[in-house]
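This report refers to the structure that appears directly beneath it.
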Amino acid sequence: MDFTFSFTSFLSLLTAVSLAPLFMGVILKVKAFFGGKQGPPWLIKYYTLIKLLRKGSVYSTSTTFIFKLGPIISFVTAFMLLLFFPFAGLPPVLSFHGDVIILFYLLGLGRFFTVLAALDTASPFEGMGAAREVFFSTLAEATIFVILALFFRLSGSLSFAEYFTGDQIVNLWSQSAALILLVLIALFIVLLTENSRVPVDDPATHLELTMIHEVMILDHSGPDLALIEMGAFCKMLFYSAFISSLLYPFHTGSGLYNGLIFSIIMTLIYAVVGLVESITARYKMDMVPNFILTSFALVFFATILTMEFVQ
Amino acid sequence: MIHISDIFLALILLSVLLSLRSNRLMALVKLMAFQGIVVSAVPLILDTAHGITFKLIMFFLLLVFVKGILIPGMMSVAVNKVVVSTEIEPIIGYHASLFAGLILIIFSVYITNHLHLAMAVQYKMLLVTGITTMGAGLILLMARRKAITQVIGYLMMENGIYLIGTALAKEVHTQYVVEFAVLLDLLVAVLVMGIVLNDINHTFDDVDTALLGQLKD
Amino acid sequence: MLQFVFFIPLIVGIAVFFLPAKTGRLALFSTAVIHALFTALEWFKLSGPLHTKYFTNTPDGMLVLAILSFLFLFISLYTVFYMGEVEMSKEPIFNGSMLLFLSAMSMVAIADHIIMLWVAVEATTLMSAPLIFVHRSKESLEATWKYVLICSVGIALALLGCFFVIFSMEMSNIQVPISFTSLTTVASQLNPVWLKAGFIFFVIGFGTKMGLAPMHTWLPDAHSEAPSPASALLSGALLNCAFLAVYRCHQLMFAAGLGEYSSNVLIAFGLASMLVSAVFILNQTDYKRMLAYSSIENMGIIAVGIGIGGLAAFGALLHMIHHSLVKSSLFLSTGNILLAYGTKVIDKTGGMLQLIPKTGVTFFAGFAGISGFPPFGLFVSELLIILGAIKAGRYVAISIFIFSLILIFAGASRLVMQMVFNERENNEILIPEKWTRTLPSILLLLTSLALVIWLPDSIYQTIQNSISSIGGTVNG
């Protein structure tokens with residue numbers, strides 16, 4: 001275990017987490033722009049969180065403690081994820097060899113409890129949403145683990161800190177650019193899947209039957225919902241930071257500038273998510289596995305190619 | 001150092017994979033246009049040893065025009081004019097096709113490695129890409145019901161063979177008369193297929209190849 | 001001068017698309033005559049090629065070109081009168097495509113550059129496609145689609161074969177022009193593994209075009225659905241061209257010392273084709289399909305003969321000449337039969353000797369010829385192949401060979417007898433036969449007969465020259 005309690009690491013983490021809701025606002029703004037509307041204010045997600053935290057929670061009499069546990073665990077796991085992530089090439093707060101595997105299982109744990117909480121309500125809609133969520137995430141997990149295998153071939157390590165700050169940096173601007181290109185597209189597909197964005201799921205839909213993620217959290221309210229929302233922001237932040245790190249072009253030497261460049265790339269990624277949501281329609285439910293499997297196929301291609309050519 | 005050619009090859013592989021899972025004809029045609037342009041650019045990027053000559057660039061432009069604009073243009077006219085439903089109707093499903101694509105790339109890497117060729121890594125990559133593209137073209141040819149998809153499969157196969165040719169027979173790419181003749185053949189082939197397709201649509205009111213099963217022993 | 005054999009038909013062919021039908025017919029025949037003249041000039045070595053980088057006149061190529069030119073003369077004559085009888089809405093397209101087809105096939109015969117050969121063979125597919133679907137019936141469209149797609153894909157594989165052959169050259173660091181002539185001179189230095197792989201793809205690719213089983217599936221459809229003059233051209237001339245492409249590569253293999261390997265491949269494909277056609281010919285209900293399967297069989301015979309080599313190679317090339325003459329005569333006769341009965345189903349024909357005696361006799365004589373009866377050339381050539389095989393000690397191959405011949409004869413003779421001699425209930429025919437439409441097929445048959453009695457020395461010499469590179473000789 002390698003604890004590096006440095007001030008900058010904490011600072012970068014805090015900055016990132018506090019900016020997460022703002023980034024979500026970017027998506028809304030982009031969508032509004034393409035819809036020819038003005039859109040909600042940039043800080044809308046902060047207002048939502050504050051509003052939710054000021055309310056009280058309502059619990060159905062048929063639910064148990066699991067239902068209350070779900071939001072907490074999903075937020076905590078998502079937040080823990082960020083502790084290990086090297087934002088803008090700065091060393092992360094925590095890091096040890098093999099942390100990536102733990103992290104993806106932490107994500108799985110959070111999802112597991114969200115699903116349990118959904119099932120706990122005994123609502124048929126929520127059960128349906130839980131089934132879909134689990135199915136699609138399972139497919140996406142295959143992609144993630146092939147990516148990890150690929151990164152292990154490229155960098156010889158199993159930790160985010162090593163990937164992006166070590167000797168063998170995994171990056172689009174390195175020698176294995178072609179492979180990273182495929183990985184980037186696959187990761188973007190995973191990002192859309194894991195965060196329930198269009199074209200996999202539509203966060204703005206109003207019909208329970210067509211929902212995936214939103215339907216699971218219908219019964220949560222007040223601070224619980226705020227936790228879930230915040231967890232979702234962290235998760236989204238994690239994936240886009242992952243992609244940004246792969247895209248990150250050069251280090252300037254000054255941490256401030258690095259952070260600035262990193263934030264710009266992050267903003268661009270959120271904007272692309274918004275763009276995708278604006279120009280594509282949501283897939284039919286039976287086409288979604290096809291979409292996710294494409295990401296798997298892409299990274300699989302990339303991995304096969306590394307097996308022989310990139311030593 | 002970044003190999004630009006690798007990025008182009010990755011883009012070709014991407015288009016191959018997407019075409020295997022694509023369920024819309026129009027999307028497939030657009031993918032073919034994209035693939036055609038990238039494939040045309042490959043010799044230009046790899047062949048830096050001879051230097052970039054005026055002829056090379058002119059030929060590249062011609063290739064892009066034919067493979068990236070003319071042929072896809074003809075295909076999209078055919079799609080708009082001929083096809084009633086734009087679903088592709090696979091005989092072998094999308095997942096199975098994707099899976100076949102994965103097996104294909106393992107296979108082509110395996111072949112390329114066991115040939116023990118003394119060539120640069122980029123050329124090996126090119127060979128892998130070529131074999132995969134060719135195989136995927138064959139899959140499209142056999143596993144899709146619409147006649148238009150079969151033409152697209154044929155084109156993709158041709159692209160793959162062109163890439164293999166670029167990897168193996170570098171000599172050919174300096175003989176523009178020959179390459180031009182091959183290109184002309186491809187163009188006429190698509191034209192003839194388009195005309196037959198049009199007549200099939202007139203006669204059968206569809207372009208489903210399942211209807212073309214009258215002649216047998 | 002050599003290039004004129006494909007330039008002239010190309011230019012006239014394009015012009016014919018825009019000319020009225022009557023003028024087109026005239027242009028068709030006159031181009032055939034001019035083509036024959038140029039071929040004769042070339043045959044007697046009165047002129048050489050203009051641009052030797054891509055084209056050359058090899059003895060085998062000249063043989064194929066001569067057959068093509070000779071056949072086309074008669075087929076175009078037939079077409080002129082045939083067109084007078086049938087209503088064809090797109091006649092200019094048919095005539096123009098005939099000429100373009102001629103052009104493409106001539107190009108195959110004289111091509112020397114490997115990729116040029118490929119381009120020419122692919123062009124034959126594309127130029128002949130309009131000939132098949134000119135009727136626009138459902139069946140003909142299906143046949144065309146299969147033809148274009150299967151052949152294009154097959155020939156695309158042949159392109160891969162071309163690249164492999166070129167790569168075998170680059171691997172040995174040899175810098176010569178990529179033509180068969182210059183590759184043959186350095187053949188022993190080529191990389192054998194890649195050459196073998198290239199040959200396999202050549203055989204698969206061009207074998208598709210040649211109708212070798214199991215890549216033959218397009219052939220019965222295309223040959224039966226095309227109008228009869230086109231069928232005659234497809235069967236008599238196109239298959240030879242595809243064969244020539246395979247043969248060129250076989251010669252290269254021999255020069256590289258891999259002759260045994262390529263011979264075995266050819267024998268295997270040849271025997272497979274013969275067996276397949278034997279099986280399918282037995283219960284055939286359509287007489288044009290029957291003839292199409294017979295073409296597959298004969299291509300198999302040629303492949304086997306070339307594969308065995310020696311005396312059999314001489315027999316194989318002789319077989320190619322006679323098969324072209326007799327088979328196109330037969331297909332021209334089927335045109336008359338189709339006009340008279342209006343159907344391709346064997347059961348609905350019959351009594352040809354009473355109803356259309358001239359065609360009936362020609363058809364029956366042609367059948368006797370194609371089955372290898374003594375007065376005709378196929379008897380001689382098949383005998384030579386069998387003798388050559390026995391000399392070479394290939395007993396298993398030749399047993400299968402003879403077995404298939406017997407099977408095909410038994411199957412086809414039943415059908416032909418029924419067509420020619422059976423009584424027919426109603427003695428009405430749609431369009432009576434005419435001398436103008438039977439004369440070309442009679443003349444083709446007579447040519448075959450004449451060549452048996454007297455084989456001109458120049459043809460004999462050309463065949464000798466063609467097969468000397470694969471160790472073939474008439475003296476065994």
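Lettering and numbering for the structure tokens are positional, with chains as A, B, ... in the shown order, residues counted from 1 in each chain, and ligands counted from 1 in the shown order.
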- [ ] Identify, on the basis of only C-alpha atoms, every residue whose closest approach to A:Ile44 does not exceed 12 Å; exclude the query and any residue fewer than 6 positions from it along the same chain; express the result as a list in words.
- [x]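 Once the nearby chain positions are removed, what remains is Ala20, Pro21, Leu22, Phe23, Met24, Gly25, Val26, Ile27, Leu28, Lys29, Ile50 and Lys51 of chain A.
Using only C-alpha atoms, one finds that the residues of chain A close to chain B, at 7 Å or less, are Trp173, Ser174, Gln175, Ala177, Ala178, Leu179, Leu182, Asn290, Ala297, Phe301, Ile304 and Phe309 of chain A.
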TODO: Find the spatial neighbours of B:Val77, counting only C-alpha atoms, within a cut-off of 12 Å - ignore same-chain residues fewer than 4 positions away - and output them as number ranges by chain.
DONE: B: 25-26, 29, 69-73, 81-83, 148, 191, 194-195, 197-198
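You will find atom CA of C:Tyr261 at 28.8 Å from atom CA of C:Thr125.
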Run DSSP on the backbone and grab whatever in stretch 104-212 of chain B lands in alpha helix (DSSP H); send it over as a CSV table (one decimal) with N, CA and C atoms, in the first residue's frame.
```
chain,number,residue,atom,x,y,z
B,104,LEU,N,-12.3,-14.2,-36.7
B,104,LEU,CA,-11.6,-13.9,-37.9
B,104,LEU,C,-10.3,-13.2,-37.6
B,105,ILE,N,-10.3,-12.3,-36.7
B,105,ILE,CA,-9.1,-11.5,-36.4
B,105,ILE,C,-8.1,-12.4,-35.7
B,106,ILE,N,-8.5,-13.2,-34.8
B,106,ILE,CA,-7.6,-14.2,-34.2
B,106,ILE,C,-6.9,-15.0,-35.3
B,107,PHE,N,-7.7,-15.5,-36.2
B,107,PHE,CA,-7.3,-16.3,-37.3
B,107,PHE,C,-6.2,-15.5,-38.2
B,108,SER,N,-6.6,-14.3,-38.5
B,108,SER,CA,-5.6,-13.6,-39.4
B,108,SER,C,-4.3,-13.2,-38.7
B,109,VAL,N,-4.4,-12.9,-37.3
B,109,VAL,CA,-3.1,-12.7,-36.6
B,109,VAL,C,-2.3,-14.0,-36.6
B,110,TYR,N,-3.0,-15.1,-36.4
B,110,TYR,CA,-2.4,-16.4,-36.3
B,110,TYR,C,-1.6,-16.7,-37.6
B,111,ILE,N,-2.4,-16.5,-38.7
B,111,ILE,CA,-1.8,-16.7,-40.1
B,111,ILE,C,-0.6,-15.8,-40.3
B,112,THR,N,-0.8,-14.5,-40.0
B,112,THR,CA,0.3,-13.6,-40.3
B,112,THR,C,1.6,-13.9,-39.5
B,113,ASN,N,1.4,-14.4,-38.2
B,113,ASN,CA,2.5,-14.7,-37.4
B,113,ASN,C,3.2,-16.0,-37.9
B,114,HIS,N,2.4,-16.9,-38.4
B,114,HIS,CA,3.0,-18.2,-38.8
B,114,HIS,C,3.6,-18.1,-40.2
B,121,VAL,N,6.7,-4.1,-39.1
B,121,VAL,CA,5.5,-4.3,-38.3
B,121,VAL,C,4.2,-3.7,-38.9
B,122,GLN,N,4.4,-2.5,-39.5
B,122,GLN,CA,3.2,-1.9,-40.2
B,122,GLN,C,2.6,-2.8,-41.3
B,123,TYR,N,3.6,-3.4,-42.0
B,123,TYR,CA,3.1,-4.3,-43.1
B,123,TYR,C,2.4,-5.5,-42.6
B,124,LYS,N,2.8,-6.0,-41.4
B,124,LYS,CA,2.2,-7.1,-40.8
B,124,LYS,C,0.8,-6.7,-40.4
B,125,MET,N,0.7,-5.6,-39.7
B,125,MET,CA,-0.6,-5.0,-39.3
B,125,MET,C,-1.5,-4.9,-40.5
B,126,LEU,N,-0.9,-4.4,-41.6
B,126,LEU,CA,-1.7,-4.3,-42.8
B,126,LEU,C,-2.2,-5.6,-43.3
B,127,LEU,N,-1.4,-6.6,-43.2
B,127,LEU,CA,-1.8,-7.9,-43.7
B,127,LEU,C,-3.0,-8.4,-42.8
B,128,VAL,N,-2.9,-8.2,-41.5
B,128,VAL,CA,-3.9,-8.7,-40.6
B,128,VAL,C,-5.2,-7.9,-40.9
B,129,THR,N,-5.1,-6.6,-41.1
B,129,THR,CA,-6.3,-5.8,-41.5
B,129,THR,C,-6.9,-6.3,-42.8
B,130,GLY,N,-6.0,-6.6,-43.7
B,130,GLY,CA,-6.5,-7.0,-45.0
B,130,GLY,C,-7.3,-8.3,-45.0
B,131,ILE,N,-6.7,-9.3,-44.3
B,131,ILE,CA,-7.3,-10.6,-44.2
B,131,ILE,C,-8.7,-10.5,-43.5
B,132,THR,N,-8.7,-9.7,-42.4
B,132,THR,CA,-9.9,-9.5,-41.6
B,132,THR,C,-11.0,-8.9,-42.5
B,133,THR,N,-10.6,-7.8,-43.2
B,133,THR,CA,-11.6,-7.1,-44.0
B,133,THR,C,-12.1,-8.1,-45.1
B,134,MET,N,-11.2,-8.8,-45.7
B,134,MET,CA,-11.7,-9.8,-46.7
B,134,MET,C,-12.7,-10.8,-46.1
B,135,GLY,N,-12.3,-11.3,-45.0
B,135,GLY,CA,-13.1,-12.3,-44.4
B,135,GLY,C,-14.5,-11.8,-44.0
B,136,ALA,N,-14.5,-10.5,-43.4
B,136,ALA,CA,-15.7,-9.9,-43.0
B,136,ALA,C,-16.6,-9.7,-44.3
B,137,GLY,N,-16.0,-9.3,-45.4
B,137,GLY,CA,-16.7,-9.1,-46.6
B,137,GLY,C,-17.4,-10.4,-47.0
B,138,LEU,N,-16.7,-11.5,-46.9
B,138,LEU,CA,-17.3,-12.8,-47.2
B,138,LEU,C,-18.5,-13.1,-46.3
B,139,ILE,N,-18.3,-12.7,-45.0
B,139,ILE,CA,-19.4,-13.0,-44.0
B,139,ILE,C,-20.6,-12.2,-44.4
B,140,LEU,N,-20.4,-10.9,-44.8
B,140,LEU,CA,-21.5,-10.1,-45.2
B,140,LEU,C,-22.2,-10.7,-46.4
B,141,LEU,N,-21.4,-11.2,-47.3
B,141,LEU,CA,-21.8,-11.7,-48.6
B,141,LEU,C,-22.8,-12.9,-48.3
B,142,MET,N,-22.4,-13.7,-47.4
B,142,MET,CA,-23.1,-15.0,-47.2
B,142,MET,C,-24.2,-14.8,-46.1
B,143,ALA,N,-24.0,-13.9,-45.2
B,143,ALA,CA,-24.9,-14.0,-44.0
B,143,ALA,C,-26.0,-12.9,-44.1
B,147,ALA,N,-29.9,-8.2,-51.5
B,147,ALA,CA,-28.9,-8.3,-52.6
B,147,ALA,C,-28.0,-7.1,-52.5
B,148,ILE,N,-28.4,-6.0,-52.0
B,148,ILE,CA,-27.5,-4.8,-51.9
B,148,ILE,C,-26.4,-5.1,-50.9
B,149,THR,N,-26.8,-5.8,-49.8
B,149,THR,CA,-25.7,-6.1,-48.8
B,149,THR,C,-24.7,-7.0,-49.4
B,150,GLN,N,-25.1,-7.9,-50.3
B,150,GLN,CA,-24.1,-8.7,-51.0
B,150,GLN,C,-23.1,-7.9,-51.8
B,151,VAL,N,-23.6,-6.9,-52.5
B,151,VAL,CA,-22.7,-6.1,-53.2
B,151,VAL,C,-21.8,-5.4,-52.3
B,152,ILE,N,-22.3,-4.9,-51.1
B,152,ILE,CA,-21.4,-4.3,-50.2
B,152,ILE,C,-20.4,-5.3,-49.7
B,153,GLY,N,-20.8,-6.5,-49.4
B,153,GLY,CA,-19.9,-7.5,-49.0
B,153,GLY,C,-18.8,-7.7,-50.0
B,154,TYR,N,-19.2,-7.7,-51.3
B,154,TYR,CA,-18.2,-7.9,-52.4
B,154,TYR,C,-17.2,-6.7,-52.3
B,155,LEU,N,-17.7,-5.5,-52.2
B,155,LEU,CA,-16.8,-4.4,-52.2
B,155,LEU,C,-15.8,-4.4,-51.0
B,156,MET,N,-16.3,-4.9,-49.9
B,156,MET,CA,-15.5,-5.0,-48.7
B,156,MET,C,-14.4,-6.0,-48.9
B,157,MET,N,-14.8,-7.1,-49.5
B,157,MET,CA,-13.8,-8.2,-49.8
B,157,MET,C,-12.7,-7.6,-50.8
B,158,GLU,N,-13.2,-6.8,-51.7
B,158,GLU,CA,-12.2,-6.2,-52.7
B,158,GLU,C,-11.3,-5.3,-52.0
B,159,ASN,N,-11.8,-4.5,-51.0
B,159,ASN,CA,-11.0,-3.6,-50.2
B,159,ASN,C,-9.9,-4.4,-49.5
B,160,GLY,N,-10.4,-5.6,-48.9
B,160,GLY,CA,-9.4,-6.4,-48.1
B,160,GLY,C,-8.3,-6.9,-49.0
B,161,ILE,N,-8.7,-7.4,-50.2
B,161,ILE,CA,-7.7,-7.9,-51.1
B,161,ILE,C,-6.8,-6.8,-51.6
B,162,TYR,N,-7.3,-5.6,-51.7
B,162,TYR,CA,-6.4,-4.5,-52.1
B,162,TYR,C,-5.4,-4.2,-51.0
B,163,LEU,N,-5.8,-4.3,-49.7
B,163,LEU,CA,-4.9,-4.1,-48.6
B,163,LEU,C,-3.9,-5.2,-48.6
B,164,ILE,N,-4.3,-6.5,-48.8
B,164,ILE,CA,-3.3,-7.6,-48.8
B,164,ILE,C,-2.3,-7.3,-49.9
B,165,GLY,N,-2.8,-6.9,-51.1
B,165,GLY,CA,-2.0,-6.6,-52.2
B,165,GLY,C,-1.0,-5.5,-51.8
B,166,THR,N,-1.4,-4.5,-51.1
B,166,THR,CA,-0.5,-3.4,-50.7
B,166,THR,C,0.6,-3.9,-49.8
B,167,ALA,N,0.2,-4.9,-48.9
B,167,ALA,CA,1.2,-5.4,-48.0
B,167,ALA,C,2.2,-6.3,-48.7
B,168,LEU,N,1.7,-7.1,-49.7
B,168,LEU,CA,2.6,-8.1,-50.3
B,168,LEU,C,3.3,-7.6,-51.5
B,176,TYR,N,0.5,2.3,-62.6
B,176,TYR,CA,-0.8,3.0,-62.5
B,176,TYR,C,-1.8,2.5,-63.6
B,177,VAL,N,-1.2,2.1,-64.8
B,177,VAL,CA,-2.1,1.6,-65.8
B,177,VAL,C,-2.9,0.3,-65.3
B,178,VAL,N,-2.1,-0.6,-64.7
B,178,VAL,CA,-2.7,-1.8,-64.1
B,178,VAL,C,-3.7,-1.5,-63.0
B,179,GLU,N,-3.3,-0.6,-62.1
B,179,GLU,CA,-4.2,-0.3,-61.0
B,179,GLU,C,-5.5,0.4,-61.5
B,180,PHE,N,-5.3,1.3,-62.5
B,180,PHE,CA,-6.4,1.9,-63.1
B,180,PHE,C,-7.4,0.9,-63.7
B,181,ALA,N,-6.8,-0.1,-64.4
B,181,ALA,CA,-7.7,-1.1,-65.0
B,181,ALA,C,-8.5,-1.8,-63.9
B,182,VAL,N,-7.8,-2.2,-62.8
B,182,VAL,CA,-8.5,-2.9,-61.8
B,182,VAL,C,-9.6,-2.0,-61.2
B,183,LEU,N,-9.3,-0.8,-61.0
B,183,LEU,CA,-10.3,0.2,-60.5
B,183,LEU,C,-11.5,0.3,-61.4
B,184,LEU,N,-11.2,0.3,-62.7
B,184,LEU,CA,-12.3,0.4,-63.7
B,184,LEU,C,-13.2,-0.8,-63.7
B,185,ASP,N,-12.5,-2.0,-63.5
B,185,ASP,CA,-13.3,-3.2,-63.4
B,185,ASP,C,-14.2,-3.2,-62.2
B,186,LEU,N,-13.7,-2.7,-61.1
B,186,LEU,CA,-14.5,-2.6,-59.9
B,186,LEU,C,-15.7,-1.7,-60.1
B,187,LEU,N,-15.5,-0.6,-60.7
B,187,LEU,CA,-16.5,0.3,-61.0
B,187,LEU,C,-17.6,-0.3,-61.9
B,188,VAL,N,-17.2,-0.9,-63.0
B,188,VAL,CA,-18.1,-1.5,-63.9
B,188,VAL,C,-18.9,-2.6,-63.2
B,189,ALA,N,-18.2,-3.4,-62.3
B,189,ALA,CA,-18.8,-4.5,-61.6
B,189,ALA,C,-20.0,-3.9,-60.8
B,190,VAL,N,-19.7,-2.8,-60.1
B,190,VAL,CA,-20.8,-2.3,-59.2
B,190,VAL,C,-21.9,-1.8,-60.1
B,191,LEU,N,-21.5,-1.2,-61.2
B,191,LEU,CA,-22.5,-0.6,-62.1
B,191,LEU,C,-23.4,-1.8,-62.6
B,192,VAL,N,-22.8,-2.8,-63.1
B,192,VAL,CA,-23.6,-4.0,-63.6
B,192,VAL,C,-24.5,-4.6,-62.5
B,193,MET,N,-23.9,-4.7,-61.4
B,193,MET,CA,-24.7,-5.3,-60.2
B,193,MET,C,-25.8,-4.3,-59.9
B,194,GLY,N,-25.6,-3.0,-60.0
B,194,GLY,CA,-26.7,-2.1,-59.8
B,194,GLY,C,-27.8,-2.2,-60.8
B,195,ILE,N,-27.4,-2.4,-62.0
B,195,ILE,CA,-28.4,-2.5,-63.1
B,195,ILE,C,-29.3,-3.8,-62.9
B,196,VAL,N,-28.6,-4.9,-62.6
B,196,VAL,CA,-29.3,-6.2,-62.3
B,196,VAL,C,-30.2,-6.0,-61.1
B,197,LEU,N,-29.6,-5.3,-60.1
B,197,LEU,CA,-30.4,-5.1,-58.9
B,197,LEU,C,-31.7,-4.4,-59.2
B,198,ASN,N,-31.6,-3.3,-60.0
B,198,ASN,CA,-32.7,-2.5,-60.4
B,198,ASN,C,-33.8,-3.4,-61.1
B,199,ASP,N,-33.3,-4.3,-62.0
B,199,ASP,CA,-34.2,-5.1,-62.7
B,199,ASP,C,-34.9,-6.2,-61.8
B,200,ILE,N,-34.0,-6.7,-60.9
B,200,ILE,CA,-34.6,-7.6,-59.9
B,200,ILE,C,-35.7,-7.0,-59.1
B,201,ASN,N,-35.5,-5.7,-58.7
B,201,ASN,CA,-36.5,-5.0,-57.9
B,201,ASN,C,-37.8,-4.8,-58.8
B,202,HIS,N,-37.6,-4.5,-60.1
B,202,HIS,CA,-38.7,-4.3,-60.9
B,202,HIS,C,-39.5,-5.6,-61.1
B,203,THR,N,-38.8,-6.7,-61.2
B,203,THR,CA,-39.5,-7.9,-61.5
B,203,THR,C,-40.1,-8.6,-60.3
B,204,PHE,N,-39.3,-8.5,-59.2
B,204,PHE,CA,-39.8,-9.2,-58.0
B,204,PHE,C,-40.4,-8.3,-56.9
```
TODO: In Å, rounded to a single decimal, give me how far atom CA of C:Gly211 is from atom CA of C:Met88.
DONE: 28.5 Å
Open item on the list: Need the shell around C:Phe331: protein/DNA/RNA residues with any atom at most 12 Å away, counting only C-alpha atoms. Skip same-chain ones fewer than 6 positions apart. Format as a PyMOL selection string?
Closed with: chain C and resi 71+75+78+223-236+287-292+294-295+323-325+337-338+359+362-363+366-367+370+437-438+440-442+444-445
Open item on the list: I'd like to know which of A:Phe250, A:Phe145, A:Phe135, A:Phe188 is closest to A:Ile212, using only C-alpha atoms.
Closed with: A:Phe135
Open item on the list: At a cut-off of 10 Å, using only C-alpha atoms, what residues contact C:Glu423? Leave out same-chain residues fewer than 4 positions from it and give the result as an MDAnalysis selection string.
Closed with: chainID C and resid 349:354 418:419 427
What would the file look like if the residues just selected were written as a tab-separated table (two decimals), in the first residue's frame with N, CA and C atoms?
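Printed below is again_29.tsv as written:
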```tsv
chain	number	residue	atom	x	y	z
C	349	THR	N	-40.74	-31.57	-75.68
C	349	THR	CA	-40.24	-31.61	-77.05
C	349	THR	C	-40.43	-33.03	-77.59
C	350	GLY	N	-39.83	-33.31	-78.70
C	350	GLY	CA	-39.95	-34.66	-79.27
C	350	GLY	C	-40.23	-34.57	-80.75
C	351	GLY	N	-39.94	-35.68	-81.42
C	351	GLY	CA	-40.22	-35.74	-82.85
C	351	GLY	C	-39.48	-34.71	-83.67
C	352	MET	N	-38.28	-34.40	-83.27
C	352	MET	CA	-37.54	-33.38	-84.00
C	352	MET	C	-37.28	-33.78	-85.43
C	353	LEU	N	-37.14	-35.09	-85.67
C	353	LEU	CA	-36.82	-35.52	-87.05
C	353	LEU	C	-37.97	-35.22	-88.01
C	354	GLN	N	-39.23	-35.30	-87.52
C	354	GLN	CA	-40.35	-34.97	-88.39
C	354	GLN	C	-40.58	-33.46	-88.46
C	418	GLN	N	-34.93	-39.13	-76.70
C	418	GLN	CA	-36.31	-38.73	-76.47
C	418	GLN	C	-36.65	-37.47	-77.27
C	419	MET	N	-35.72	-36.54	-77.26
C	419	MET	CA	-35.98	-35.28	-77.98
C	419	MET	C	-36.06	-35.50	-79.48
C	427	ASN	N	-48.57	-31.86	-83.39
C	427	ASN	CA	-47.45	-31.59	-84.28
C	427	ASN	C	-47.40	-30.14	-84.70
```
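The residues of chain C lying at most 6 Å from chain B, with only C-alpha atoms taken into account, are Val119, Glu142, Phe163, Ile166 and Phe167 of chain C.
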Can you spit out the residues from that selection as a short mmCIF file (atom, residue, chain, number, x, y, z; two decimals), in the first residue's frame, using N, CA and C atoms?
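Result saved to out_1.cif:
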```cif
data_model
loop_
_atom_site.label_atom_id
_atom_site.label_comp_id
_atom_site.auth_asym_id
_atom_site.auth_seq_id
_atom_site.Cartn_x
_atom_site.Cartn_y
_atom_site.Cartn_z
N VAL C 119 -7.71 -8.58 -64.96
CA VAL C 119 -8.65 -7.53 -65.36
C VAL C 119 -9.50 -8.01 -66.54
N GLU C 142 -32.27 -14.15 -61.98
CA GLU C 142 -31.62 -14.95 -60.93
C GLU C 142 -30.29 -15.50 -61.44
N PHE C 163 -1.46 -11.63 -56.36
CA PHE C 163 -0.59 -10.96 -55.41
C PHE C 163 0.41 -11.94 -54.80
N ILE C 166 3.16 -12.53 -57.24
CA ILE C 166 4.05 -11.37 -57.27
C ILE C 166 4.92 -11.34 -56.01
N PHE C 167 4.31 -11.71 -54.89
CA PHE C 167 5.05 -11.71 -53.64
C PHE C 167 6.16 -12.76 -53.65
#
```
Open item on the list: Set the distance at 12 Å and use only C-alpha atoms: which residues neighbour A:Glu214 once local chain neighbours fewer than 5 positions away are removed? I'd like the list as a list of chain:residue names.
Closed with: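 What passes the distance filter is A:Thr114, A:Val115, A:Ala118, A:Phe125, A:Glu126, A:Gly127, A:Met128, A:Gly129, A:Ala130, A:Arg132, A:Glu133, A:Asn195, A:Ser196, A:Arg197, A:Asp201, A:Asp202, A:Pro203, A:Ala204, A:Thr205, A:His206, A:Leu207, A:Glu208, A:Leu209, A:Asp219, A:His220, A:Leu225, A:Ile228, A:Glu229, A:Ala232.
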Open item on the list: So the first atom is atom CA of A:Met216 and the second is atom CA of A:Leu237; what is the distance between them in Å, to one decimal place?
Closed with: 21.0 Å
TODO: Pick out the residues sitting within 9 Å of C:Leu407, and hand them over as a list in words; count only C-alpha atoms, and ignore anything fewer than 2 positions along from it in its own chain.
DONE: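 Non-adjacent residues within range: Leu275, Ala278, Val279, Ile281, Leu282, Ile402, Phe403, Ser404, Leu405, Phe409, Ala410, Gly411 and Ala412 of chain C.
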